[in-house]
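**Student:** This is start_0.tsv (TSV, N, CA, C and O atoms).
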chain	number	residue	atom	x	y	z
H	1	MET	N	0.85	-1.16	0.00
H	1	MET	CA	0.00	0.00	0.00
H	1	MET	C	0.90	1.23	0.00
H	1	MET	O	1.63	1.46	0.95
H	2	LYS	N	0.87	1.97	-1.08
H	2	LYS	CA	1.72	3.15	-1.21
H	2	LYS	C	0.87	4.41	-1.16
H	2	LYS	O	-0.14	4.49	-1.83
H	3	PRO	N	1.30	5.41	-0.39
H	3	PRO	CA	0.56	6.67	-0.40
H	3	PRO	C	0.79	7.40	-1.71
H	3	PRO	O	1.82	7.25	-2.35
H	4	TYR	N	-0.23	8.15	-2.11
H	4	TYR	CA	-0.08	8.99	-3.29
H	4	TYR	C	0.96	10.07	-3.03
H	4	TYR	O	1.09	10.57	-1.93
H	5	LEU	N	1.68	10.42	-4.06
H	5	LEU	CA	2.60	11.55	-3.97
H	5	LEU	C	1.83	12.77	-4.44
H	5	LEU	O	1.32	12.81	-5.55
H	6	ARG	N	1.71	13.74	-3.61
H	6	ARG	CA	0.94	14.93	-3.94
H	6	ARG	C	1.89	16.07	-4.30
H	6	ARG	O	2.93	16.25	-3.69
H	7	ASP	N	1.50	16.82	-5.34
H	7	ASP	CA	2.32	17.95	-5.78
H	7	ASP	C	2.26	19.11	-4.79
H	7	ASP	O	3.21	19.83	-4.62
H	8	LYS	N	1.11	19.26	-4.15
H	8	LYS	CA	0.91	20.40	-3.26
H	8	LYS	C	0.51	19.91	-1.87
H	8	LYS	O	-0.37	19.07	-1.73
H	9	ILE	N	1.16	20.42	-0.86
H	9	ILE	CA	0.80	20.09	0.51
H	9	ILE	C	-0.34	21.01	0.93
H	9	ILE	O	-0.23	22.23	0.78
H	10	PRO	N	-1.47	20.44	1.43
H	10	PRO	CA	-2.60	21.28	1.81
H	10	PRO	C	-2.22	22.30	2.88
H	10	PRO	O	-1.56	21.97	3.86
H	11	ALA	N	-2.63	23.55	2.65
H	11	ALA	CA	-2.35	24.62	3.60
H	11	ALA	C	-3.54	24.91	4.50
H	11	ALA	O	-3.38	25.53	5.55
H	12	SER	N	-4.73	24.48	4.08
H	12	SER	CA	-5.92	24.70	4.89
H	12	SER	C	-6.79	23.46	4.85
H	12	SER	O	-6.60	22.56	4.02
H	13	PHE	N	-7.78	23.42	5.73
H	13	PHE	CA	-8.68	22.29	5.82
H	13	PHE	C	-9.44	22.07	4.52
H	13	PHE	O	-9.68	20.95	4.11
H	14	ASP	N	-9.81	23.14	3.84
H	14	ASP	CA	-10.56	23.05	2.59
H	14	ASP	C	-9.76	22.41	1.46
H	14	ASP	O	-10.34	21.91	0.49
H	15	GLU	N	-8.46	22.42	1.55
H	15	GLU	CA	-7.61	21.86	0.49
H	15	GLU	C	-7.32	20.37	0.69
H	15	GLU	O	-6.72	19.75	-0.18
H	16	ILE	N	-7.75	19.80	1.79
H	16	ILE	CA	-7.51	18.37	2.04
H	16	ILE	C	-8.42	17.56	1.13
H	16	ILE	O	-9.62	17.81	1.07
H	17	PRO	N	-7.89	16.57	0.40
H	17	PRO	CA	-8.71	15.78	-0.52
H	17	PRO	C	-9.77	14.97	0.24
H	17	PRO	O	-9.56	14.56	1.37
H	18	GLU	N	-10.89	14.73	-0.43
H	18	GLU	CA	-11.97	13.96	0.18
H	18	GLU	C	-11.75	12.46	0.07
H	18	GLU	O	-12.39	11.68	0.74
H	19	THR	N	-10.86	12.04	-0.80
H	19	THR	CA	-10.63	10.62	-1.01
H	19	THR	C	-9.45	10.14	-0.19
H	19	THR	O	-8.72	10.91	0.42
H	20	THR	N	-9.23	8.86	-0.20
H	20	THR	CA	-8.14	8.25	0.55
H	20	THR	C	-6.78	8.72	0.04
H	20	THR	O	-6.65	9.12	-1.10
H	21	SER	N	-5.81	8.63	0.90
H	21	SER	CA	-4.47	9.01	0.49
H	21	SER	C	-3.67	7.81	0.00
H	21	SER	O	-2.48	7.92	-0.27
H	22	TYR	N	-4.33	6.66	-0.11
H	22	TYR	CA	-3.66	5.45	-0.57
H	22	TYR	C	-4.17	5.06	-1.95
H	22	TYR	O	-5.31	5.33	-2.31
H	23	GLU	N	-3.32	4.41	-2.71
H	23	GLU	CA	-3.68	3.97	-4.04
H	23	GLU	C	-4.80	2.94	-3.96
H	23	GLU	O	-4.86	2.14	-3.03
H	24	ALA	N	-5.67	2.92	-4.95
H	24	ALA	CA	-6.70	1.91	-5.03
H	24	ALA	C	-6.06	0.55	-5.24
H	24	ALA	O	-4.98	0.44	-5.81
H	25	GLY	N	-6.72	-0.48	-4.79
H	25	GLY	CA	-6.21	-1.83	-5.02
H	25	GLY	C	-5.58	-2.46	-3.81
H	25	GLY	O	-4.93	-3.49	-3.93
H	26	TYR	N	-5.75	-1.89	-2.64
H	26	TYR	CA	-5.16	-2.47	-1.44
H	26	TYR	C	-5.72	-3.86	-1.17
H	26	TYR	O	-4.99	-4.78	-0.88
H	27	LEU	N	-7.02	-4.04	-1.29
H	27	LEU	CA	-7.63	-5.34	-1.03
H	27	LEU	C	-7.97	-6.04	-2.34
H	27	LEU	O	-9.12	-6.22	-2.69
H	28	VAL	N	-6.97	-6.40	-3.08
H	28	VAL	CA	-7.20	-7.09	-4.35
H	28	VAL	C	-6.72	-8.53	-4.33
H	28	VAL	O	-7.02	-9.28	-5.23
H	29	THR	N	-5.96	-8.91	-3.33
H	29	THR	CA	-5.55	-10.30	-3.21
H	29	THR	C	-6.25	-10.92	-2.02
H	29	THR	O	-6.42	-10.30	-0.98
H	30	LYS	N	-6.66	-12.16	-2.19
H	30	LYS	CA	-7.39	-12.85	-1.14
H	30	LYS	C	-6.49	-13.15	0.04
H	30	LYS	O	-5.27	-13.14	-0.06
H	31	ASN	N	-7.12	-13.43	1.17
H	31	ASN	CA	-6.42	-13.79	2.39
H	31	ASN	C	-5.39	-14.88	2.06
H	31	ASN	O	-5.72	-15.87	1.42
H	32	ALA	N	-4.20	-14.71	2.51
H	32	ALA	CA	-3.11	-15.62	2.17
H	32	ALA	C	-3.15	-16.91	2.97
H	32	ALA	O	-2.28	-17.75	2.82
H	33	GLY	N	-4.12	-17.09	3.84
H	33	GLY	CA	-4.23	-18.33	4.59
H	33	GLY	C	-3.61	-18.27	5.97
H	33	GLY	O	-3.55	-19.28	6.66
H	34	TRP	N	-3.13	-17.12	6.40
H	34	TRP	CA	-2.49	-17.02	7.71
H	34	TRP	C	-3.47	-16.77	8.83
H	34	TRP	O	-3.12	-16.85	10.00
H	35	ARG	N	-4.73	-16.47	8.53
H	35	ARG	CA	-5.73	-16.21	9.57
H	35	ARG	C	-6.02	-17.51	10.31
H	35	ARG	O	-6.25	-18.55	9.70
H	36	ASN	N	-5.98	-17.49	11.66
H	36	ASN	CA	-6.27	-18.70	12.41
H	36	ASN	C	-7.61	-18.66	13.13
H	36	ASN	O	-8.10	-19.68	13.59
H	37	VAL	N	-8.21	-17.48	13.26
H	37	VAL	CA	-9.58	-17.35	13.77
H	37	VAL	C	-10.34	-16.40	12.85
H	37	VAL	O	-9.73	-15.54	12.21
H	38	ARG	N	-11.65	-16.59	12.80
H	38	ARG	CA	-12.45	-15.71	11.97
H	38	ARG	C	-13.74	-15.35	12.69
H	38	ARG	O	-14.23	-16.12	13.52
H	39	PRO	N	-14.27	-14.17	12.40
H	39	PRO	CA	-15.53	-13.76	13.04
H	39	PRO	C	-16.71	-14.45	12.37
H	39	PRO	O	-16.75	-14.61	11.15
H	40	VAL	N	-17.67	-14.86	13.20
H	40	VAL	CA	-18.90	-15.46	12.69
H	40	VAL	C	-20.06	-14.68	13.30
H	40	VAL	O	-20.10	-14.47	14.51
H	41	ILE	N	-20.99	-14.26	12.46
H	41	ILE	CA	-22.12	-13.45	12.91
H	41	ILE	C	-23.34	-14.33	13.12
H	41	ILE	O	-23.72	-15.09	12.24
H	42	ASP	N	-23.97	-14.20	14.29
H	42	ASP	CA	-25.22	-14.89	14.59
H	42	ASP	C	-26.35	-13.98	14.10
H	42	ASP	O	-26.61	-12.94	14.70
H	43	PRO	N	-27.05	-14.37	13.02
H	43	PRO	CA	-28.09	-13.49	12.47
H	43	PRO	C	-29.27	-13.28	13.42
H	43	PRO	O	-30.00	-12.30	13.30
H	44	GLN	N	-29.47	-14.17	14.38
H	44	GLN	CA	-30.54	-14.00	15.35
H	44	GLN	C	-30.24	-12.88	16.34
H	44	GLN	O	-31.15	-12.20	16.81
H	45	LYS	N	-28.97	-12.68	16.65
H	45	LYS	CA	-28.57	-11.64	17.60
H	45	LYS	C	-28.25	-10.31	16.93
H	45	LYS	O	-28.32	-9.26	17.56
H	46	CYS	N	-27.89	-10.33	15.65
H	46	CYS	CA	-27.49	-9.11	14.94
H	46	CYS	C	-28.69	-8.18	14.79
H	46	CYS	O	-29.74	-8.59	14.30
H	47	VAL	N	-28.52	-6.93	15.21
H	47	VAL	CA	-29.59	-5.94	15.12
H	47	VAL	C	-29.41	-5.01	13.91
H	47	VAL	O	-30.21	-4.12	13.70
H	48	GLY	N	-28.35	-5.21	13.14
H	48	GLY	CA	-28.12	-4.40	11.94
H	48	GLY	C	-27.62	-3.00	12.23
H	48	GLY	O	-27.78	-2.10	11.40
H	49	CYS	N	-26.99	-2.78	13.38
H	49	CYS	CA	-26.49	-1.44	13.73
H	49	CYS	C	-25.26	-1.06	12.90
H	49	CYS	O	-24.95	0.11	12.73
H	50	LEU	N	-24.53	-2.05	12.41
H	50	LEU	CA	-23.33	-1.90	11.58
H	50	LEU	C	-22.18	-1.17	12.27
H	50	LEU	O	-21.34	-0.57	11.60
H	51	ASN	N	-22.11	-1.23	13.60
H	51	ASN	CA	-20.92	-0.72	14.28
H	51	ASN	C	-19.69	-1.51	13.85
H	51	ASN	O	-18.61	-0.94	13.71
H	52	CYS	N	-19.87	-2.80	13.61
H	52	CYS	CA	-18.75	-3.63	13.15
H	52	CYS	C	-18.24	-3.12	11.80
H	52	CYS	O	-17.03	-3.08	11.56
H	53	TYR	N	-19.15	-2.69	10.95
H	53	TYR	CA	-18.78	-2.13	9.65
H	53	TYR	C	-17.95	-0.85	9.83
H	53	TYR	O	-16.95	-0.64	9.15
H	54	LEU	N	-18.38	-0.01	10.74
H	54	LEU	CA	-17.69	1.26	10.97
H	54	LEU	C	-16.28	1.08	11.52
H	54	LEU	O	-15.39	1.87	11.23
H	55	TYR	N	-16.08	0.05	12.33
H	55	TYR	CA	-14.78	-0.14	12.99
H	55	TYR	C	-13.86	-1.12	12.28
H	55	TYR	O	-12.69	-1.22	12.64
H	56	CYS	N	-14.34	-1.85	11.29
H	56	CYS	CA	-13.50	-2.83	10.59
H	56	CYS	C	-12.36	-2.12	9.86
H	56	CYS	O	-12.60	-1.30	8.97
H	57	PRO	N	-11.10	-2.42	10.21
H	57	PRO	CA	-9.98	-1.72	9.58
H	57	PRO	C	-9.77	-2.10	8.12
H	57	PRO	O	-9.12	-1.37	7.38
H	58	ASP	N	-10.32	-3.24	7.70
H	58	ASP	CA	-10.11	-3.68	6.32
H	58	ASP	C	-11.34	-3.49	5.44
H	58	ASP	O	-11.29	-3.79	4.25
H	59	GLY	N	-12.44	-3.03	6.01
H	59	GLY	CA	-13.64	-2.78	5.22
H	59	GLY	C	-14.25	-4.02	4.61
H	59	GLY	O	-14.72	-3.99	3.48
H	60	VAL	N	-14.24	-5.12	5.34
H	60	VAL	CA	-14.75	-6.38	4.80
H	60	VAL	C	-16.18	-6.69	5.24
H	60	VAL	O	-16.75	-7.70	4.85
H	61	ILE	N	-16.77	-5.83	6.06
H	61	ILE	CA	-18.12	-6.05	6.55
H	61	ILE	C	-19.09	-5.21	5.72
H	61	ILE	O	-18.82	-4.06	5.41
H	62	TYR	N	-20.20	-5.82	5.36
H	62	TYR	CA	-21.20	-5.14	4.55
H	62	TYR	C	-22.59	-5.54	5.03
H	62	TYR	O	-22.74	-6.46	5.85
H	63	LYS	N	-23.60	-4.86	4.54
H	63	LYS	CA	-24.98	-5.12	4.94
H	63	LYS	C	-25.65	-6.05	3.94
H	63	LYS	O	-25.58	-5.82	2.73
H	64	LYS	N	-26.27	-7.11	4.45
H	64	LYS	CA	-26.98	-8.06	3.61
H	64	LYS	C	-28.28	-8.43	4.31
H	64	LYS	O	-28.25	-8.94	5.44
H	65	ASP	N	-29.40	-8.15	3.69
H	65	ASP	CA	-30.72	-8.43	4.26
H	65	ASP	C	-30.91	-7.78	5.62
H	65	ASP	O	-31.47	-8.38	6.54
H	66	GLY	N	-30.38	-6.56	5.78
H	66	GLY	CA	-30.55	-5.81	7.02
H	66	GLY	C	-29.64	-6.23	8.15
H	66	GLY	O	-29.73	-5.71	9.26
H	67	LYS	N	-28.74	-7.17	7.90
H	67	LYS	CA	-27.80	-7.66	8.91
H	67	LYS	C	-26.37	-7.51	8.40
H	67	LYS	O	-26.14	-7.32	7.21
H	68	ALA	N	-25.41	-7.62	9.28
H	68	ALA	CA	-24.01	-7.55	8.89
H	68	ALA	C	-23.57	-8.88	8.28
H	68	ALA	O	-24.04	-9.94	8.67
H	69	ALA	N	-22.69	-8.79	7.30
H	69	ALA	CA	-22.09	-9.96	6.67
H	69	ALA	C	-20.61	-9.68	6.47
H	69	ALA	O	-20.18	-8.53	6.45
H	70	ILE	N	-19.82	-10.74	6.31
H	70	ILE	CA	-18.36	-10.60	6.24
H	70	ILE	C	-17.84	-11.22	4.95
H	70	ILE	O	-18.22	-12.33	4.59
H	71	ASP	N	-16.95	-10.52	4.29
H	71	ASP	CA	-16.25	-11.04	3.11
H	71	ASP	C	-15.00	-11.75	3.62
H	71	ASP	O	-13.98	-11.11	3.90
H	72	TYR	N	-15.08	-13.06	3.75
H	72	TYR	CA	-13.97	-13.83	4.33
H	72	TYR	C	-12.75	-13.89	3.42
H	72	TYR	O	-11.67	-14.23	3.87
H	73	ASP	N	-12.90	-13.57	2.15
H	73	ASP	CA	-11.75	-13.57	1.25
H	73	ASP	C	-10.70	-12.55	1.69
H	73	ASP	O	-9.52	-12.72	1.43
H	74	PHE	N	-11.16	-11.46	2.34
H	74	PHE	CA	-10.24	-10.39	2.72
H	74	PHE	C	-10.14	-10.15	4.21
H	74	PHE	O	-9.34	-9.33	4.65
H	75	CYS	N	-10.95	-10.83	5.02
H	75	CYS	CA	-10.92	-10.67	6.48
H	75	CYS	C	-9.61	-11.22	7.02
H	75	CYS	O	-9.19	-12.32	6.67
H	76	LYS	N	-8.99	-10.45	7.91
H	76	LYS	CA	-7.72	-10.88	8.52
H	76	LYS	C	-7.91	-11.51	9.89
H	76	LYS	O	-6.96	-11.98	10.50
H	77	GLY	N	-9.13	-11.49	10.42
H	77	GLY	CA	-9.40	-12.14	11.70
H	77	GLY	C	-8.89	-11.38	12.90
H	77	GLY	O	-8.54	-11.98	13.91
H	78	CYS	N	-8.87	-10.06	12.84
H	78	CYS	CA	-8.32	-9.25	13.93
H	78	CYS	C	-9.22	-9.25	15.17
H	78	CYS	O	-8.75	-9.05	16.28
H	79	GLY	N	-10.53	-9.43	15.00
H	79	GLY	CA	-11.44	-9.50	16.14
H	79	GLY	C	-12.00	-8.17	16.61
H	79	GLY	O	-12.71	-8.12	17.61
H	80	ILE	N	-11.69	-7.09	15.93
H	80	ILE	CA	-12.21	-5.79	16.34
H	80	ILE	C	-13.73	-5.78	16.27
H	80	ILE	O	-14.40	-5.23	17.13
H	81	CYS	N	-14.29	-6.42	15.26
H	81	CYS	CA	-15.75	-6.45	15.10
H	81	CYS	C	-16.41	-7.14	16.30
H	81	CYS	O	-17.45	-6.70	16.79
H	82	LYS	N	-15.79	-8.19	16.81
H	82	LYS	CA	-16.33	-8.89	17.98
H	82	LYS	C	-16.30	-7.99	19.20
H	82	LYS	O	-17.26	-7.93	19.98
H	83	LYS	N	-15.20	-7.26	19.37
H	83	LYS	CA	-15.06	-6.40	20.54
H	83	LYS	C	-16.04	-5.23	20.52
H	83	LYS	O	-16.49	-4.78	21.56
H	84	ILE	N	-16.40	-4.75	19.34
H	84	ILE	CA	-17.26	-3.57	19.24
H	84	ILE	C	-18.74	-3.94	19.21
H	84	ILE	O	-19.61	-3.09	19.41
H	85	CYS	N	-19.06	-5.21	19.00
H	85	CYS	CA	-20.46	-5.64	18.86
H	85	CYS	C	-21.17	-5.67	20.21
H	85	CYS	O	-20.96	-6.57	21.02
H	86	ARG	N	-22.04	-4.69	20.45
H	86	ARG	CA	-22.76	-4.60	21.73
H	86	ARG	C	-23.77	-5.72	21.94
H	86	ARG	O	-23.89	-6.23	23.05
H	87	PRO	N	-24.52	-6.15	20.90
H	87	PRO	CA	-25.46	-7.25	21.12
H	87	PRO	C	-24.78	-8.61	21.30
H	87	PRO	O	-25.44	-9.59	21.63
H	88	GLY	N	-23.48	-8.68	21.06
H	88	GLY	CA	-22.77	-9.96	21.19
H	88	GLY	C	-23.09	-10.92	20.06
H	88	GLY	O	-23.08	-12.13	20.25
H	89	ALA	N	-23.35	-10.38	18.88
H	89	ALA	CA	-23.73	-11.22	17.74
H	89	ALA	C	-22.53	-11.81	17.00
H	89	ALA	O	-22.71	-12.65	16.14
H	90	ILE	N	-21.33	-11.39	17.36
H	90	ILE	CA	-20.13	-11.88	16.66
H	90	ILE	C	-19.27	-12.67	17.63
H	90	ILE	O	-18.98	-12.24	18.73
H	91	ARG	N	-18.89	-13.85	17.19
H	91	ARG	CA	-17.97	-14.69	17.97
H	91	ARG	C	-16.78	-15.05	17.08
H	91	ARG	O	-16.90	-15.06	15.85
H	92	MET	N	-15.66	-15.30	17.69
H	92	MET	CA	-14.48	-15.70	16.93
H	92	MET	C	-14.42	-17.23	16.96
H	92	MET	O	-14.59	-17.84	18.00
H	93	GLU	N	-14.18	-17.80	15.80
H	93	GLU	CA	-14.19	-19.25	15.63
H	93	GLU	C	-12.88	-19.68	15.00
H	93	GLU	O	-12.37	-18.99	14.12
H	94	ALA	N	-12.38	-20.82	15.40
H	94	ALA	CA	-11.13	-21.33	14.83
H	94	ALA	C	-11.31	-21.58	13.34
H	94	ALA	O	-12.35	-22.07	12.89
H	95	GLU	N	-10.30	-21.21	12.58
H	95	GLU	CA	-10.32	-21.40	11.13
H	95	GLU	C	-10.20	-22.89	10.85
H	95	GLU	O	-9.36	-23.57	11.43
H	96	LYS	N	-11.02	-23.37	9.94
H	96	LYS	CA	-11.01	-24.79	9.59
H	96	LYS	C	-9.99	-25.03	8.50
H	96	LYS	O	-9.85	-24.24	7.57
H	97	ASP	N	-9.27	-26.13	8.61
H	97	ASP	CA	-8.32	-26.51	7.53
H	97	ASP	C	-9.13	-27.05	6.36
H	97	ASP	O	-10.13	-27.72	6.54
H	98	GLY	N	-8.65	-26.75	5.22
H	98	GLY	CA	-9.39	-27.35	4.12
H	98	GLY	C	-9.22	-26.69	2.87
H	98	GLY	O	-9.54	-26.91	1.84
Represent the structure contained in this file as structure tokens.
**Tutor:**
Amino acid sequence: MKPYLRDKIPASFDEIPETTSYEAGYLVTKNAGWRNVRPVIDPQKCVGCLNCYLYCPDGVIYKKDGKAAIDYDFCKGCGICKKICRPGAIRMEAEKDG
């Protein structure tokens, strides 16, 4: 992940770009297989607040049928979503070999 090189350093708040400062394509390769635990969402407990979505550092959580869902191809298994989930709808589960 390389930051963009900018020609001009912003001098005021209005000059700060609205987009990310990183090149597109950060999440283009699937999980390399090093994850040993993964988050699992219980749809019965999920209230659809999407706090997990807001706090996910990799942006792998999305809304599906009014509930949170996880793109396991890019999830790193950090567990932040579990820690932030107030209803307790997310549990960490051992990654299955296969």
**Student:** How many Å separate CA of Pro87 in chain H from CA of Asp58 in chain H?
**Tutor:**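 That distance, rounded to one decimal, is 21.6 Å.
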**Student:** Go ahead and compute the interatomic distance for CA of Phe74 in chain H and CA of Ala94 in chain H, in Å to one decimal.
**Tutor:** 16.3 Å
**Student:** Which distance in Å separates atom N of Cys49 in chain H and atom C of Asp73 in chain H, to one decimal?
**Tutor:**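 One can read the atom N of Cys49 in chain H to atom C of Asp73 in chain H distance as 22.3 Å.
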**Student:** Counting all atoms listed in the file, which residue out of H:Lys63, H:Lys76, H:Arg38, H:Lys45 sits closest to Gly88 in chain H?
**Tutor:**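 Of H:Lys63, H:Lys76, H:Arg38, H:Lys45, the one nearest Gly88 in chain H, counting all atoms listed in the file, is H:Lys45.
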**Student:** Considering only C-alpha atoms, can you say which of H:Cys78, H:Cys46, H:Cys85, H:Val37 comes closest to Gly66 in chain H?
**Tutor:**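 Nearest candidate to Gly66 in chain H out of H:Cys78, H:Cys46, H:Cys85, H:Val37: H:Cys46.
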**Student:** Counting only C-alpha atoms, figure out which residue out of H:Gly79, H:Asn36, H:Gly48, H:Ser12 gets nearest to Arg91 in chain H.
**Tutor:**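 Residue with the minimum atom-to-atom distance to Arg91 in chain H: H:Gly79.
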